[in-house]
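Okay, so here's the structure we're looking at.
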Amino acid sequence: MAQKPQKIAVLGAGPGGVAAAASLALRGLDVSLYNRTAERVASLQRAGGVHLDGALGDGFVPLPLISTDPDEALRGRDAFVVTTPAYGQAFMVESLAPYLKPGALVLLCSGSAGALCAAKWLRNRSVDIERDVLLAETLTLPQSARFLDEQTVRIKIPARLRAAAFPAVNTPRLLEALDGLFNLVAAAHVLDTGLNNPNFIIHPAPMLLNYAEIERRDQALSIMNEGMTPAVLRCMDALDAEKRALIAAGCVKQVTVDDLYREIGSDPSVYREPGEPMGLKDRIWRRYVEEDVPYGTVMMASLGRLLGVATPVCDGVNTLLSAAEARDYWAEGRTVERLGIAGMDHARLMRYLETGKP
């Protein structure tokens, strides 16, 4: 029987991390909130917690331990929930590694197949991930959240949240350990959670095709509504088709981006129908490109080469956004080499995802 964590550290004090910490605290758990920079948490420290708005109700949730000191926030914890963007995962896993106890749980939200990278990082520290640590990831954050001000977060909880352990043989133990804490459903493996993140489809291609208009408007445009013209949606759907071909090659049931949105408690009308029902003006947010390209579409293209699946739309998005941003996302991205699966044939890859044995 899996042991349920009682002392949990949430790493990353963005809106998703603060929402996760508040949600766990409301369930009576001992929660610490760790962040790398002091500026992000200063206001929360002064308040001693966070004000909530939305799905978890309205009110104040005390968070007595909010810190930028890893020794203070991470020591003695039996579970670690990493809520940073994919580009922050390496720092956070390196930060928590010295504090791992036998049987500890490490959960990356959203994973972006980061559990495969985390396995490499932890093994380099002589951590036996098959025996000593329950390593896992989710498809997206446990709660969709936005800061209304420095001390208030608005929360929406996904209807279901795909999760998988690495190796996947440990996924039933993961779901048992977190039952009642997060609304999890078993994914096939961490390439299922990694590739099915809808942000990888919703953001890169539409952002690329709207750059000129965004820049004309001083970087303010509702990308989910104003930016989703019929031609942009066709390109987005072509990218989604490439992703579904990759998923099928990984022996996972295909699911469209529209159905993924429904699965996490949203609706494709957000981007399929014209207008601005959310009242948002999106900028070229760092995460829309600097996370969803190197850790999303570059990963998809690299997996395509490994599995023999053509990804021409993905390749074009990666190349053009690299040019537009004057960055080499191909070189920076989460490739099969960085995932530790380069050179594997299909049978070997599936065995590795299931058992953790190359």
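By order of appearance in the structure tokens: chains A, B, ..., then residues from 1 within every chain, and ligands from 1 in the order shown.
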task = Could you give me, as number ranges by chain, the residues within 9 Å of Val232 in chain A, counting only C-alpha atoms and dropping anything in the same chain fewer than 5 positions from it?
result = A: 205-206, 209-210, 227, 237
Selection from above, C-alpha atoms, as a compact mmCIF listing (two decimals), in the first residue's frame, can you write it?
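Now in selection.txt:
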```
# COMPACT_ATOMS: atom_id res chain seq x y z
CA ALA A 205 1.78 28.11 -34.16
CA PRO A 206 -0.87 30.77 -33.35
CA LEU A 209 1.22 33.52 -37.18
CA ASN A 210 0.15 36.55 -35.11
CA GLY A 227 -5.76 35.48 -33.13
CA ASP A 237 -5.01 21.45 -36.31
```
key: Every residue of range 162-350 of chain A that DSSP places in strand (DSSP E or B), as a ChimeraX atom specification   = /A:162-165,179,182,184-186,221,282
Using the selection just defined, write its residues with C-alpha atoms as a CSV table (one decimal), in the first residue's frame.
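Result file out-v9.csv:
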```
chain,number,residue,atom,x,y,z
A,162,ARG,CA,-3.5,12.8,-16.4
A,163,ALA,CA,-0.6,11.5,-14.4
A,164,ALA,CA,2.1,8.8,-14.8
A,165,ALA,CA,5.0,7.6,-12.9
A,179,ASP,CA,-5.9,9.9,-3.8
A,182,PHE,CA,-5.5,15.7,-6.7
A,184,LEU,CA,-5.7,12.2,-11.1
A,185,VAL,CA,-6.4,9.6,-13.8
A,186,ALA,CA,-3.7,7.1,-15.0
A,221,LEU,CA,-3.9,40.8,-28.6
A,282,ASP,CA,-2.4,38.1,-24.3
```
task = Please provide as a list of chain:residue names all residues within 9 Å of Asn199 in chain A, with the sequence filter that same-chain residues fewer than 2 positions apart are discarded (counting only C-alpha atoms).
result = A:Asn196, A:Asn197, A:Ile201, A:Ile202, A:His203, A:Pro204, A:Tyr288, A:Asp292, A:Gly296
Selected residues written out with C-alpha atoms, as an mmCIF file, in the first residue's frame:
```cif
data_model
loop_
_atom_site.group_PDB
_atom_site.id
_atom_site.type_symbol
_atom_site.label_atom_id
_atom_site.label_comp_id
_atom_site.auth_asym_id
_atom_site.auth_seq_id
_atom_site.Cartn_x
_atom_site.Cartn_y
_atom_site.Cartn_z
ATOM 1 C CA ASN A 196 -0.604 15.636 -24.622
ATOM 2 C CA ASN A 197 -0.089 19.057 -23.041
ATOM 3 C CA ILE A 201 -0.689 22.968 -29.817
ATOM 4 C CA ILE A 202 -2.544 26.098 -28.696
ATOM 5 C CA HIS A 203 0.430 28.444 -28.317
ATOM 6 C CA PRO A 204 3.418 28.107 -30.724
ATOM 7 C CA TYR A 288 4.056 30.672 -24.782
ATOM 8 C CA ASP A 292 6.143 25.557 -25.418
ATOM 9 C CA GLY A 296 7.005 21.128 -26.624
#
```
remark   = Atom pair CA of Gln3 in chain A + CA of Ala118 in chain A, distance 21.8 Å
ask   = Which value, in Å to one decimal, gives the distance between CA of Leu246 in chain A and CA of Arg305 in chain A?
value =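 Answer for the CA of Leu246 in chain A to CA of Arg305 in chain A separation: 10.0 Å.
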Test item: residues at most 8 Å from range 332-349 of chain A, only C-alpha atoms, excluding those fewer than 3 positions along its chain, as a ChimeraX atom specification = /A:113-114,116-117,120,250,293-296,298-299,302-303,306-307,328-329,352-353,358
Residues of the last selection are to be written out with N, CA, C and O atoms, as a PDB file, in the first residue's frame.
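part_7.pdb was written with the following content:
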```
ATOM      1  N   ALA A 113       7.275  15.592 -20.076  1.00  0.00           N
ATOM      2  CA  ALA A 113       8.212  14.462 -20.098  1.00  0.00           C
ATOM      3  C   ALA A 113       9.442  14.733 -19.248  1.00  0.00           C
ATOM      4  O   ALA A 113      10.448  14.044 -19.355  1.00  0.00           O
ATOM      5  N   GLY A 114       9.353  15.730 -18.368  1.00  0.00           N
ATOM      6  CA  GLY A 114      10.481  16.059 -17.515  1.00  0.00           C
ATOM      7  C   GLY A 114      10.864  14.963 -16.553  1.00  0.00           C
ATOM      8  O   GLY A 114      11.989  14.948 -16.043  1.00  0.00           O
ATOM      9  N   LEU A 116      11.545  12.001 -17.302  1.00  0.00           N
ATOM     10  CA  LEU A 116      12.668  11.286 -17.917  1.00  0.00           C
ATOM     11  C   LEU A 116      13.974  12.030 -17.657  1.00  0.00           C
ATOM     12  O   LEU A 116      15.001  11.411 -17.374  1.00  0.00           O
ATOM     13  N   CYS A 117      13.944  13.353 -17.752  1.00  0.00           N
ATOM     14  CA  CYS A 117      15.137  14.150 -17.446  1.00  0.00           C
ATOM     15  C   CYS A 117      15.465  14.077 -15.966  1.00  0.00           C
ATOM     16  O   CYS A 117      16.635  13.936 -15.583  1.00  0.00           O
ATOM     17  N   LYS A 120      17.444  11.112 -14.972  1.00  0.00           N
ATOM     18  CA  LYS A 120      18.874  11.248 -15.246  1.00  0.00           C
ATOM     19  C   LYS A 120      19.556  12.106 -14.189  1.00  0.00           C
ATOM     20  O   LYS A 120      20.633  11.767 -13.683  1.00  0.00           O
ATOM     21  N   GLY A 250       3.515   5.821 -30.103  1.00  0.00           N
ATOM     22  CA  GLY A 250       3.880   5.440 -28.741  1.00  0.00           C
ATOM     23  C   GLY A 250       2.857   4.538 -28.085  1.00  0.00           C
ATOM     24  O   GLY A 250       2.870   4.366 -26.860  1.00  0.00           O
ATOM     25  N   VAL A 293       7.887  25.943 -27.088  1.00  0.00           N
ATOM     26  CA  VAL A 293       8.674  25.545 -28.259  1.00  0.00           C
ATOM     27  C   VAL A 293       9.791  24.587 -27.858  1.00  0.00           C
ATOM     28  O   VAL A 293       9.771  23.417 -28.257  1.00  0.00           O
ATOM     29  N   PRO A 294      10.791  24.987 -27.051  1.00  0.00           N
ATOM     30  CA  PRO A 294      11.871  24.042 -26.753  1.00  0.00           C
ATOM     31  C   PRO A 294      11.421  22.805 -25.994  1.00  0.00           C
ATOM     32  O   PRO A 294      11.979  21.714 -26.184  1.00  0.00           O
ATOM     33  N   TYR A 295      10.402  22.938 -25.140  1.00  0.00           N
ATOM     34  CA  TYR A 295       9.966  21.801 -24.334  1.00  0.00           C
ATOM     35  C   TYR A 295       8.700  21.145 -24.887  1.00  0.00           C
ATOM     36  O   TYR A 295       8.199  20.187 -24.304  1.00  0.00           O
ATOM     37  N   GLY A 296       8.198  21.674 -26.000  1.00  0.00           N
ATOM     38  CA  GLY A 296       7.005  21.128 -26.624  1.00  0.00           C
ATOM     39  C   GLY A 296       7.238  20.737 -28.065  1.00  0.00           C
ATOM     40  O   GLY A 296       7.460  19.568 -28.380  1.00  0.00           O
ATOM     41  N   VAL A 298       9.747  21.296 -30.130  1.00  0.00           N
ATOM     42  CA  VAL A 298      11.063  20.702 -30.416  1.00  0.00           C
ATOM     43  C   VAL A 298      11.091  19.253 -29.944  1.00  0.00           C
ATOM     44  O   VAL A 298      11.608  18.368 -30.646  1.00  0.00           O
ATOM     45  N   MET A 299      10.542  18.995 -28.772  1.00  0.00           N
ATOM     46  CA  MET A 299      10.471  17.616 -28.285  1.00  0.00           C
ATOM     47  C   MET A 299       9.663  16.743 -29.240  1.00  0.00           C
ATOM     48  O   MET A 299      10.047  15.604 -29.549  1.00  0.00           O
ATOM     49  N   SER A 302      11.785  16.014 -32.343  1.00  0.00           N
ATOM     50  CA  SER A 302      12.862  15.086 -32.037  1.00  0.00           C
ATOM     51  C   SER A 302      12.334  13.660 -31.877  1.00  0.00           C
ATOM     52  O   SER A 302      12.927  12.699 -32.383  1.00  0.00           O
ATOM     53  N   LEU A 303      11.188  13.507 -31.216  1.00  0.00           N
ATOM     54  CA  LEU A 303      10.568  12.190 -31.097  1.00  0.00           C
ATOM     55  C   LEU A 303      10.121  11.668 -32.457  1.00  0.00           C
ATOM     56  O   LEU A 303      10.181  10.459 -32.720  1.00  0.00           O
ATOM     57  N   LEU A 306      12.949  10.009 -34.036  1.00  0.00           N
ATOM     58  CA  LEU A 306      13.230   8.722 -33.402  1.00  0.00           C
ATOM     59  C   LEU A 306      12.242   7.651 -33.837  1.00  0.00           C
ATOM     60  O   LEU A 306      12.629   6.502 -34.099  1.00  0.00           O
ATOM     61  N   LEU A 307      10.956   8.022 -33.926  1.00  0.00           N
ATOM     62  CA  LEU A 307       9.902   7.050 -34.191  1.00  0.00           C
ATOM     63  C   LEU A 307       9.530   6.944 -35.661  1.00  0.00           C
ATOM     64  O   LEU A 307       8.651   6.165 -36.037  1.00  0.00           O
ATOM     65  N   ASP A 328      18.242  29.616 -30.858  1.00  0.00           N
ATOM     66  CA  ASP A 328      18.295  28.312 -31.496  1.00  0.00           C
ATOM     67  C   ASP A 328      17.543  27.324 -30.611  1.00  0.00           C
ATOM     68  O   ASP A 328      18.133  26.641 -29.772  1.00  0.00           O
ATOM     69  N   TYR A 329      16.222  27.274 -30.803  1.00  0.00           N
ATOM     70  CA  TYR A 329      15.424  26.384 -29.971  1.00  0.00           C
ATOM     71  C   TYR A 329      15.719  24.916 -30.262  1.00  0.00           C
ATOM     72  O   TYR A 329      15.527  24.061 -29.391  1.00  0.00           O
ATOM     73  N   TYR A 352      11.427   0.729 -21.610  1.00  0.00           N
ATOM     74  CA  TYR A 352      12.049   1.706 -20.716  1.00  0.00           C
ATOM     75  C   TYR A 352      10.996   2.542 -19.999  1.00  0.00           C
ATOM     76  O   TYR A 352      11.079   2.788 -18.797  1.00  0.00           O
ATOM     77  N   LEU A 353       9.982   2.986 -20.733  1.00  0.00           N
ATOM     78  CA  LEU A 353       8.926   3.778 -20.124  1.00  0.00           C
ATOM     79  C   LEU A 353       8.165   2.981 -19.072  1.00  0.00           C
ATOM     80  O   LEU A 353       7.743   3.540 -18.046  1.00  0.00           O
ATOM     81  N   PRO A 358      16.740   0.356 -19.391  1.00  0.00           N
ATOM     82  CA  PRO A 358      17.049   0.637 -20.805  1.00  0.00           C
ATOM     83  C   PRO A 358      17.005  -0.617 -21.657  1.00  0.00           C
ATOM     84  O   PRO A 358      17.260  -1.721 -21.181  1.00  0.00           O
TER      85      PRO A 358
END
```
key: Pairwise distance for CA of Met300 in chain A and CA of Glu137 in chain A, rounded to one decimal in Å   = 17.6 Å
inquiry  = Taking only range 32-187 of chain A into account, list the residues labelled helix (DSSP H, G or I) by DSSP (computed from the backbone), as a PyMOL selection string.
reply    = chain A and resi 38-47+70-74+86-99+114-123+168-177
key: For Asp192 in chain A: contacts at 8 Å, only C-alpha atoms, fewer than 4 positions along chain excluded, given as a list in words   = Ala187, Ala188, Asn196, Ile247 and Val252 of chain A
Using only C-alpha atoms, determine which residues lie at most 8 Å from Ser144 in chain A, disregarding the query and same-chain residues fewer than 2 positions distant; provide the list as a compact mmCIF listing (two decimals) with C-alpha atoms, in the first residue's frame.
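The resulting part_21.txt:
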```
# COMPACT_ATOMS: atom_id res chain seq x y z
CA GLY A 16 -0.22 27.33 -10.10
CA LEU A 141 -1.08 21.95 -13.28
CA PRO A 142 -3.45 20.56 -10.62
CA ARG A 146 -4.21 33.50 -12.12
CA ILE A 155 -8.48 29.07 -9.16
CA LYS A 156 -10.12 26.67 -11.57
CA ILE A 157 -9.68 22.94 -11.00
CA PRO A 158 -9.27 20.59 -14.01
```
Test item: residues at most 12 Å from Val169 in chain A, only C-alpha atoms, excluding those fewer than 5 positions along its chain, as a list in words = Glu130, Arg131, Leu134, Leu135, Ala136, Ala164, Leu174, Leu175, Ala186, Ala187, Ala188, His189, Val190, Met350, Arg351, Tyr352, Leu353, Glu354, Thr355, Gly356 and Lys357 of chain A
Among listed residues A:Arg327, A:Arg123, A:Arg272, A:Lys253, nearest Ile223 in chain A (using only C-alpha atoms) = A:Arg272
note = For Asn170 in chain A, the closest of A:Leu105, A:Trp121, A:Thr193, A:Ala90 counting only C-alpha atoms is A:Leu105
Range 100-193 of chain A residues near range 25-46 of chain A within 10 Å, closest pair each, using only C-alpha atoms, as CSV:
```
residue,atom,partner,partner_atom,distance
A:Asp149,CA,A:Ser43,CA,9.8
A:Glu150,CA,A:Ser43,CA,6.2
A:Gln151,CA,A:Leu44,CA,5.8
A:Thr152,CA,A:Leu44,CA,9.0
A:Gly180,CA,A:Arg27,CA,8.8
A:Leu181,CA,A:Arg27,CA,7.5
```
